[in-house]
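Chemist: Data: protein-v9.pdb, PDB, C-alpha atoms.
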```
ATOM      1  CA  MET A   1     100.849  50.563 -17.762  1.00  0.00           C
ATOM      2  CA  THR A   2     101.306  52.999 -20.642  1.00  0.00           C
ATOM      3  CA  VAL A   3      98.572  52.954 -23.264  1.00  0.00           C
ATOM      4  CA  GLY A   4      98.426  54.706 -26.618  1.00  0.00           C
ATOM      5  CA  PHE A   5      94.922  55.908 -27.445  1.00  0.00           C
ATOM      6  CA  ALA A   6      94.576  56.604 -31.161  1.00  0.00           C
ATOM      7  CA  MET A   7      91.500  58.384 -32.483  1.00  0.00           C
ATOM      8  CA  CYS A   8      90.373  58.262 -36.110  1.00  0.00           C
ATOM      9  CA  GLY A   9      87.738  60.357 -37.848  1.00  0.00           C
ATOM     10  CA  SER A  10      84.469  58.749 -36.806  1.00  0.00           C
ATOM     11  CA  PHE A  11      83.488  61.997 -35.107  1.00  0.00           C
ATOM     12  CA  CYS A  12      79.966  60.858 -34.226  1.00  0.00           C
ATOM     13  CA  THR A  13      81.475  58.470 -31.649  1.00  0.00           C
ATOM     14  CA  TYR A  14      83.721  60.947 -29.831  1.00  0.00           C
ATOM     15  CA  ALA A  15      81.134  61.665 -27.131  1.00  0.00           C
ATOM     16  CA  GLN A  16      81.242  57.948 -26.266  1.00  0.00           C
ATOM     17  CA  VAL A  17      85.012  57.567 -26.624  1.00  0.00           C
ATOM     18  CA  PHE A  18      86.270  60.484 -24.517  1.00  0.00           C
ATOM     19  CA  PRO A  19      84.711  59.198 -21.251  1.00  0.00           C
ATOM     20  CA  VAL A  20      86.508  55.875 -21.768  1.00  0.00           C
ATOM     21  CA  MET A  21      89.787  57.693 -22.398  1.00  0.00           C
ATOM     22  CA  GLU A  22      89.188  59.613 -19.176  1.00  0.00           C
ATOM     23  CA  ALA A  23      88.494  56.446 -17.171  1.00  0.00           C
ATOM     24  CA  LEU A  24      91.655  54.793 -18.512  1.00  0.00           C
ATOM     25  CA  ALA A  25      93.734  57.905 -17.755  1.00  0.00           C
ATOM     26  CA  LYS A  26      92.765  57.595 -14.081  1.00  0.00           C
ATOM     27  CA  GLU A  27      94.471  54.183 -13.923  1.00  0.00           C
ATOM     28  CA  HIS A  28      97.177  54.316 -16.620  1.00  0.00           C
ATOM     29  CA  ALA A  29      99.472  56.705 -18.429  1.00  0.00           C
ATOM     30  CA  VAL A  30      97.621  57.464 -21.682  1.00  0.00           C
ATOM     31  CA  ILE A  31      99.306  58.932 -24.747  1.00  0.00           C
ATOM     32  CA  PRO A  32      96.749  60.427 -27.162  1.00  0.00           C
ATOM     33  CA  ILE A  33      97.313  59.974 -30.895  1.00  0.00           C
ATOM     34  CA  PHE A  34      95.181  61.673 -33.537  1.00  0.00           C
ATOM     35  CA  SER A  35      94.828  60.609 -37.166  1.00  0.00           C
ATOM     36  CA  PRO A  36      95.352  63.337 -39.760  1.00  0.00           C
ATOM     37  CA  ALA A  37      91.571  63.674 -40.205  1.00  0.00           C
ATOM     38  CA  SER A  38      90.874  63.889 -36.486  1.00  0.00           C
ATOM     39  CA  TYR A  39      93.636  66.465 -36.016  1.00  0.00           C
ATOM     40  CA  VAL A  40      92.322  68.966 -38.588  1.00  0.00           C
ATOM     41  CA  THR A  41      88.635  68.295 -39.281  1.00  0.00           C
ATOM     42  CA  ASP A  42      85.836  70.349 -37.796  1.00  0.00           C
ATOM     43  CA  SER A  43      82.480  68.597 -37.916  1.00  0.00           C
ATOM     44  CA  ARG A  44      78.984  68.958 -36.543  1.00  0.00           C
ATOM     45  CA  PHE A  45      80.281  66.963 -33.570  1.00  0.00           C
ATOM     46  CA  GLY A  46      82.860  69.619 -32.610  1.00  0.00           C
ATOM     47  CA  THR A  47      85.979  71.343 -33.799  1.00  0.00           C
ATOM     48  CA  ALA A  48      89.339  69.669 -34.174  1.00  0.00           C
ATOM     49  CA  GLN A  49      90.816  72.117 -31.668  1.00  0.00           C
ATOM     50  CA  SER A  50      88.162  71.311 -29.049  1.00  0.00           C
ATOM     51  CA  HIS A  51      88.886  67.587 -29.434  1.00  0.00           C
ATOM     52  CA  ILE A  52      92.638  68.160 -29.229  1.00  0.00           C
ATOM     53  CA  ARG A  53      92.188  70.239 -26.056  1.00  0.00           C
ATOM     54  CA  GLN A  54      89.905  67.615 -24.533  1.00  0.00           C
ATOM     55  CA  ALA A  55      92.395  64.798 -25.158  1.00  0.00           C
ATOM     56  CA  ALA A  56      95.275  66.912 -23.842  1.00  0.00           C
ATOM     57  CA  GLN A  57      93.341  67.790 -20.699  1.00  0.00           C
ATOM     58  CA  ILE A  58      92.386  64.150 -20.056  1.00  0.00           C
ATOM     59  CA  CYS A  59      95.846  62.716 -20.737  1.00  0.00           C
ATOM     60  CA  GLY A  60      98.007  65.569 -19.494  1.00  0.00           C
ATOM     61  CA  LYS A  61      99.857  65.776 -22.808  1.00  0.00           C
ATOM     62  CA  ASP A  62      99.210  67.009 -26.322  1.00  0.00           C
ATOM     63  CA  PRO A  63      98.165  64.405 -28.892  1.00  0.00           C
ATOM     64  CA  LEU A  64     100.760  63.007 -31.256  1.00  0.00           C
ATOM     65  CA  TYR A  65      99.632  63.557 -34.842  1.00  0.00           C
ATOM     66  CA  ALA A  66     102.605  63.182 -37.175  1.00  0.00           C
ATOM     67  CA  VAL A  67     104.239  60.004 -38.461  1.00  0.00           C
ATOM     68  CA  SER A  68     107.601  61.234 -37.153  1.00  0.00           C
ATOM     69  CA  GLN A  69     106.142  61.630 -33.642  1.00  0.00           C
ATOM     70  CA  VAL A  70     104.827  58.051 -33.418  1.00  0.00           C
ATOM     71  CA  GLU A  71     107.619  56.171 -35.200  1.00  0.00           C
ATOM     72  CA  PRO A  72     109.703  55.919 -31.965  1.00  0.00           C
ATOM     73  CA  ILE A  73     106.874  54.016 -30.208  1.00  0.00           C
ATOM     74  CA  GLY A  74     108.343  50.670 -31.241  1.00  0.00           C
ATOM     75  CA  PRO A  75     112.090  51.251 -31.010  1.00  0.00           C
ATOM     76  CA  LYS A  76     111.729  52.929 -27.601  1.00  0.00           C
ATOM     77  CA  LYS A  77     109.068  50.449 -26.404  1.00  0.00           C
ATOM     78  CA  LEU A  78     106.874  53.349 -25.290  1.00  0.00           C
ATOM     79  CA  LEU A  79     103.546  51.485 -25.034  1.00  0.00           C
ATOM     80  CA  ASP A  80     102.268  48.374 -23.336  1.00  0.00           C
ATOM     81  CA  ALA A  81      99.142  48.474 -25.520  1.00  0.00           C
ATOM     82  CA  LEU A  82      97.691  50.571 -28.328  1.00  0.00           C
ATOM     83  CA  ILE A  83      93.965  51.283 -28.524  1.00  0.00           C
ATOM     84  CA  ILE A  84      92.468  52.541 -31.784  1.00  0.00           C
ATOM     85  CA  ALA A  85      89.068  53.988 -30.928  1.00  0.00           C
ATOM     86  CA  PRO A  86      87.224  54.824 -33.024  1.00  0.00           C
ATOM     87  CA  CYS A  87      88.839  52.873 -35.848  1.00  0.00           C
ATOM     88  CA  THR A  88      87.394  53.852 -39.216  1.00  0.00           C
ATOM     89  CA  GLY A  89      87.048  51.622 -42.260  1.00  0.00           C
ATOM     90  CA  ASN A  90      89.898  53.512 -43.913  1.00  0.00           C
ATOM     91  CA  THR A  91      92.251  52.759 -41.028  1.00  0.00           C
ATOM     92  CA  LEU A  92      91.057  49.128 -40.869  1.00  0.00           C
ATOM     93  CA  ALA A  93      91.934  48.709 -44.544  1.00  0.00           C
ATOM     94  CA  LYS A  94      95.366  50.229 -44.086  1.00  0.00           C
ATOM     95  CA  LEU A  95      96.108  48.052 -41.044  1.00  0.00           C
ATOM     96  CA  ALA A  96      94.914  44.920 -42.851  1.00  0.00           C
ATOM     97  CA  HIS A  97      97.223  45.674 -45.766  1.00  0.00           C
ATOM     98  CA  SER A  98     100.198  46.837 -43.661  1.00  0.00           C
ATOM     99  CA  ILE A  99     100.052  50.411 -44.926  1.00  0.00           C
ATOM    100  CA  ALA A 100     101.709  52.807 -42.496  1.00  0.00           C
ATOM    101  CA  ASP A 101     101.168  56.267 -43.947  1.00  0.00           C
ATOM    102  CA  THR A 102      99.338  58.033 -41.098  1.00  0.00           C
ATOM    103  CA  SER A 103     100.116  58.680 -37.453  1.00  0.00           C
ATOM    104  CA  VAL A 104      97.699  55.929 -36.386  1.00  0.00           C
ATOM    105  CA  THR A 105      98.856  53.262 -38.827  1.00  0.00           C
ATOM    106  CA  MET A 106     102.534  54.055 -38.174  1.00  0.00           C
ATOM    107  CA  ALA A 107     101.901  53.869 -34.420  1.00  0.00           C
ATOM    108  CA  ALA A 108     100.417  50.407 -34.966  1.00  0.00           C
ATOM    109  CA  LYS A 109     103.274  49.244 -37.192  1.00  0.00           C
ATOM    110  CA  SER A 110     105.887  50.557 -34.799  1.00  0.00           C
ATOM    111  CA  HIS A 111     104.119  49.095 -31.746  1.00  0.00           C
ATOM    112  CA  LEU A 112     103.726  45.651 -33.362  1.00  0.00           C
ATOM    113  CA  ARG A 113     107.477  45.172 -33.574  1.00  0.00           C
ATOM    114  CA  ASN A 114     107.393  44.528 -29.814  1.00  0.00           C
ATOM    115  CA  GLY A 115     104.670  41.857 -30.012  1.00  0.00           C
ATOM    116  CA  ARG A 116     102.318  43.881 -27.823  1.00  0.00           C
ATOM    117  CA  PRO A 117      98.534  44.121 -28.243  1.00  0.00           C
ATOM    118  CA  ILE A 118      96.571  46.468 -30.456  1.00  0.00           C
ATOM    119  CA  LEU A 119      92.936  46.873 -29.470  1.00  0.00           C
ATOM    120  CA  VAL A 120      90.634  47.888 -32.328  1.00  0.00           C
ATOM    121  CA  ALA A 121      87.249  49.531 -31.673  1.00  0.00           C
ATOM    122  CA  VAL A 122      85.562  49.664 -35.082  1.00  0.00           C
ATOM    123  CA  SER A 123      83.204  52.343 -36.262  1.00  0.00           C
ATOM    124  CA  THR A 124      82.505  52.020 -39.962  1.00  0.00           C
ATOM    125  CA  ASN A 125      79.523  52.129 -42.274  1.00  0.00           C
ATOM    126  CA  ASP A 126      80.866  49.320 -44.470  1.00  0.00           C
ATOM    127  CA  ALA A 127      81.862  46.701 -41.863  1.00  0.00           C
ATOM    128  CA  LEU A 128      79.443  44.175 -43.381  1.00  0.00           C
ATOM    129  CA  ALA A 129      80.379  45.105 -46.941  1.00  0.00           C
ATOM    130  CA  GLY A 130      83.839  45.976 -48.252  1.00  0.00           C
ATOM    131  CA  GLY A 131      85.255  46.355 -44.748  1.00  0.00           C
ATOM    132  CA  ALA A 132      84.377  42.807 -43.711  1.00  0.00           C
ATOM    133  CA  GLN A 133      87.474  41.324 -45.346  1.00  0.00           C
ATOM    134  CA  ASN A 134      89.695  43.791 -43.478  1.00  0.00           C
ATOM    135  CA  ILE A 135      88.129  42.901 -40.140  1.00  0.00           C
ATOM    136  CA  GLY A 136      88.611  39.226 -41.000  1.00  0.00           C
ATOM    137  CA  MET A 137      92.259  39.763 -41.907  1.00  0.00           C
ATOM    138  CA  LEU A 138      92.968  41.499 -38.603  1.00  0.00           C
ATOM    139  CA  LEU A 139      91.077  38.871 -36.602  1.00  0.00           C
ATOM    140  CA  ALA A 140      93.466  36.300 -38.066  1.00  0.00           C
ATOM    141  CA  ARG A 141      96.604  38.232 -37.103  1.00  0.00           C
ATOM    142  CA  LYS A 142      98.602  37.942 -33.925  1.00  0.00           C
ATOM    143  CA  HIS A 143      98.461  40.850 -31.487  1.00  0.00           C
ATOM    144  CA  TYR A 144      95.224  42.347 -32.867  1.00  0.00           C
ATOM    145  CA  TYR A 145      92.169  42.251 -30.597  1.00  0.00           C
ATOM    146  CA  PHE A 146      88.731  43.734 -31.115  1.00  0.00           C
ATOM    147  CA  VAL A 147      86.392  45.537 -28.784  1.00  0.00           C
ATOM    148  CA  PRO A 148      83.072  43.685 -29.221  1.00  0.00           C
ATOM    149  CA  PHE A 149      80.885  45.365 -31.834  1.00  0.00           C
ATOM    150  CA  ARG A 150      77.386  45.321 -33.270  1.00  0.00           C
ATOM    151  CA  GLN A 151      75.230  46.742 -36.006  1.00  0.00           C
ATOM    152  CA  ASP A 152      74.356  50.258 -34.913  1.00  0.00           C
ATOM    153  CA  ASP A 153      71.353  50.874 -37.190  1.00  0.00           C
ATOM    154  CA  PRO A 154      70.416  47.678 -39.102  1.00  0.00           C
ATOM    155  CA  GLU A 155      67.365  49.182 -40.750  1.00  0.00           C
ATOM    156  CA  ASN A 156      68.882  52.396 -42.099  1.00  0.00           C
ATOM    157  CA  LYS A 157      72.563  51.379 -42.318  1.00  0.00           C
ATOM    158  CA  PRO A 158      72.550  47.591 -42.785  1.00  0.00           C
ATOM    159  CA  THR A 159      76.327  47.267 -43.301  1.00  0.00           C
ATOM    160  CA  SER A 160      77.377  49.609 -40.469  1.00  0.00           C
ATOM    161  CA  MET A 161      78.942  48.364 -37.234  1.00  0.00           C
ATOM    162  CA  VAL A 162      80.273  50.092 -34.147  1.00  0.00           C
ATOM    163  CA  ALA A 163      82.157  48.889 -31.102  1.00  0.00           C
ATOM    164  CA  ASP A 164      80.663  49.037 -27.641  1.00  0.00           C
ATOM    165  CA  PHE A 165      83.192  51.570 -26.387  1.00  0.00           C
ATOM    166  CA  THR A 166      82.216  50.931 -22.762  1.00  0.00           C
ATOM    167  CA  LEU A 167      83.865  47.512 -23.146  1.00  0.00           C
ATOM    168  CA  ILE A 168      87.301  48.972 -23.927  1.00  0.00           C
ATOM    169  CA  PRO A 169      88.634  48.507 -20.363  1.00  0.00           C
ATOM    170  CA  GLN A 170      87.587  44.832 -20.234  1.00  0.00           C
ATOM    171  CA  ALA A 171      88.810  44.199 -23.781  1.00  0.00           C
ATOM    172  CA  LEU A 172      92.137  45.828 -22.899  1.00  0.00           C
ATOM    173  CA  GLU A 173      92.534  43.664 -19.806  1.00  0.00           C
ATOM    174  CA  ALA A 174      91.808  40.537 -21.875  1.00  0.00           C
ATOM    175  CA  ALA A 175      94.174  41.620 -24.673  1.00  0.00           C
ATOM    176  CA  MET A 176      96.972  42.124 -22.158  1.00  0.00           C
ATOM    177  CA  GLN A 177      96.525  38.442 -21.319  1.00  0.00           C
ATOM    178  CA  GLY A 178      96.467  37.453 -25.008  1.00  0.00           C
ATOM    179  CA  ILE A 179      92.715  36.785 -24.982  1.00  0.00           C
ATOM    180  CA  GLN A 180      89.990  38.113 -27.299  1.00  0.00           C
ATOM    181  CA  LEU A 181      87.040  39.358 -25.218  1.00  0.00           C
ATOM    182  CA  GLN A 182      83.910  37.380 -26.115  1.00  0.00           C
ATOM    183  CA  PRO A 183      81.409  37.499 -27.577  1.00  0.00           C
ATOM    184  CA  ILE A 184      83.021  39.591 -30.262  1.00  0.00           C
ATOM    185  CA  LEU A 185      79.673  40.202 -32.008  1.00  0.00           C
ATOM    186  CA  LEU A 186      76.999  41.663 -29.784  1.00  0.00           C
TER     187      LEU A 186
END
```
Could you quickly redo this structure as structure tokens?
Modeler:
Amino acid sequence: MTVGFAMCGSFCTYAQVFPVMEALAKEHAVIPIFSPASYVTDSRFGTAQSHIRQAAQICGKDPLYAVSQVEPIGPKKLLDALIIAPCTGNTLAKLAHSIADTSVTMAAKSHLRNGRPILVAVSTNDALAGGAQNIGMLLARKHYYFVPFRQDDPENKPTSMVADFTLIPQALEAAMQGIQLQPILL
């Protein structure tokens, strides 16, 4: 199976996401895709270049990062599934409103033309505020599946939610069968 693994700019989750990417790469061909923010932003969680190198080392290929690089995903049927982990609130909103102006959102749009699954692993501070409608819109759409998620800090960030990234392999297996892994809320 060939899996696209798209990373958005929730840098605080990268330490949890990269081990999952590595585990998947041992069983599948994994094509890394970086959002514009993840491709250029240095943060307290590491430099963009260190993340790019890490993904390239794990997957055996450099990450795709431009719209023109990911557009052929659909026409050439390059992926069996697309994972977006972490998926930020910004990307959720764009997906929910069919906006394809970044490498990640164009990869999703292009991949959807083949009726194949997109697995979304949310990481956003406004999931239980403005982002809730976007999650709801995607839950109601065909071919979108979610990695189960929970509030990550209810006391200090009451509207924030994050996926349990360790569940990506099980959620992917379920999505490949057209099933949403349950419970979706942990």
Chemist: Quick one: which stretch 34-74 of chain A residues come within 12 Å of stretch 83-87 of chain A, and what is the nearest atom pair for each with the distance in Å to one decimal, counting all atoms listed in the file, rows ordered by chain and ascending number, as JSON lines?
Modeler:
```
{"residue": "A:Phe34", "atom": "CA", "partner": "A:Ile84", "partner_atom": "CA", "distance": 9.7}
{"residue": "A:Ser35", "atom": "CA", "partner": "A:Cys87", "partner_atom": "CA", "distance": 9.9}
{"residue": "A:Ala37", "atom": "CA", "partner": "A:Cys87", "partner_atom": "CA", "distance": 12.0}
{"residue": "A:Ser38", "atom": "CA", "partner": "A:Pro86", "partner_atom": "CA", "distance": 10.4}
```
Chemist: Would you mind listing what lies within 6 Å of A:Ala81 as a PyMOL selection string, with all atoms listed in the file counted and same-chain residues fewer than 5 positions away left out?
Modeler: chain A and resi 3+117-118
Chemist: Interatomic distance between atom CA of A:Asn114 and atom CA of A:Ile73?
Modeler: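 Interatomic distance, atom CA of A:Asn114 to atom CA of A:Ile73: 9.5 Å.
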Chemist: Which residue out of A:Gly60, A:Gly89, A:Pro75, A:Gly131 has the minimum interatomic distance to A:Gly9 when all atoms listed in the file are used?
Modeler: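 Closest residue, counting all atoms listed in the file: A:Gly89.
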Chemist: In Å, rounded to a single decimal, give me how far atom CA of A:Ala23 is from atom CA of A:Ala171.
Modeler: 13.9 Å
Chemist: Could you please give me, as a list of chain:residue names, the residues of protein, DNA or RNA lying at most 12 Å from (93.8, 68.3, -37.3) in the coordinate frame of the file, considering all atoms listed in the file?
Modeler: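 Those within range, by chain then number, are A:Met7, A:Cys8, A:Gly9, A:Ile33, A:Phe34, A:Ser35, A:Pro36, A:Ala37, A:Ser38, A:Tyr39, A:Val40, A:Thr41, A:Asp42, A:Ser43, A:Gly46, A:Thr47, A:Ala48, A:Gln49, A:Ser50, A:His51, A:Ile52, A:Arg53, A:Pro63, A:Leu64, A:Tyr65, A:Ala66, A:Ser103.
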Chemist: Residues at most 12 Å from A:Leu139, counting all atoms listed in the file, excluding those fewer than 5 positions away in the same chain, as a ChimeraX atom specification?
Modeler: /A:92,95-96,118-120,132-134,144-148,179-180,184
Chemist: One decimal, in Å: what's the spacing between atom CA of A:Ser110 and atom CA of A:Glu22?
Modeler: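 According to the coordinates, atom CA of A:Ser110 and atom CA of A:Glu22 are separated by 24.6 Å.
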Chemist: Could you check which of A:Met176, A:Met1, A:Val104, A:Ile99 is closest to A:Val67, using all atoms listed in the file?
Modeler: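 Nearest candidate to A:Val67 out of A:Met176, A:Met1, A:Val104, A:Ile99: A:Val104.
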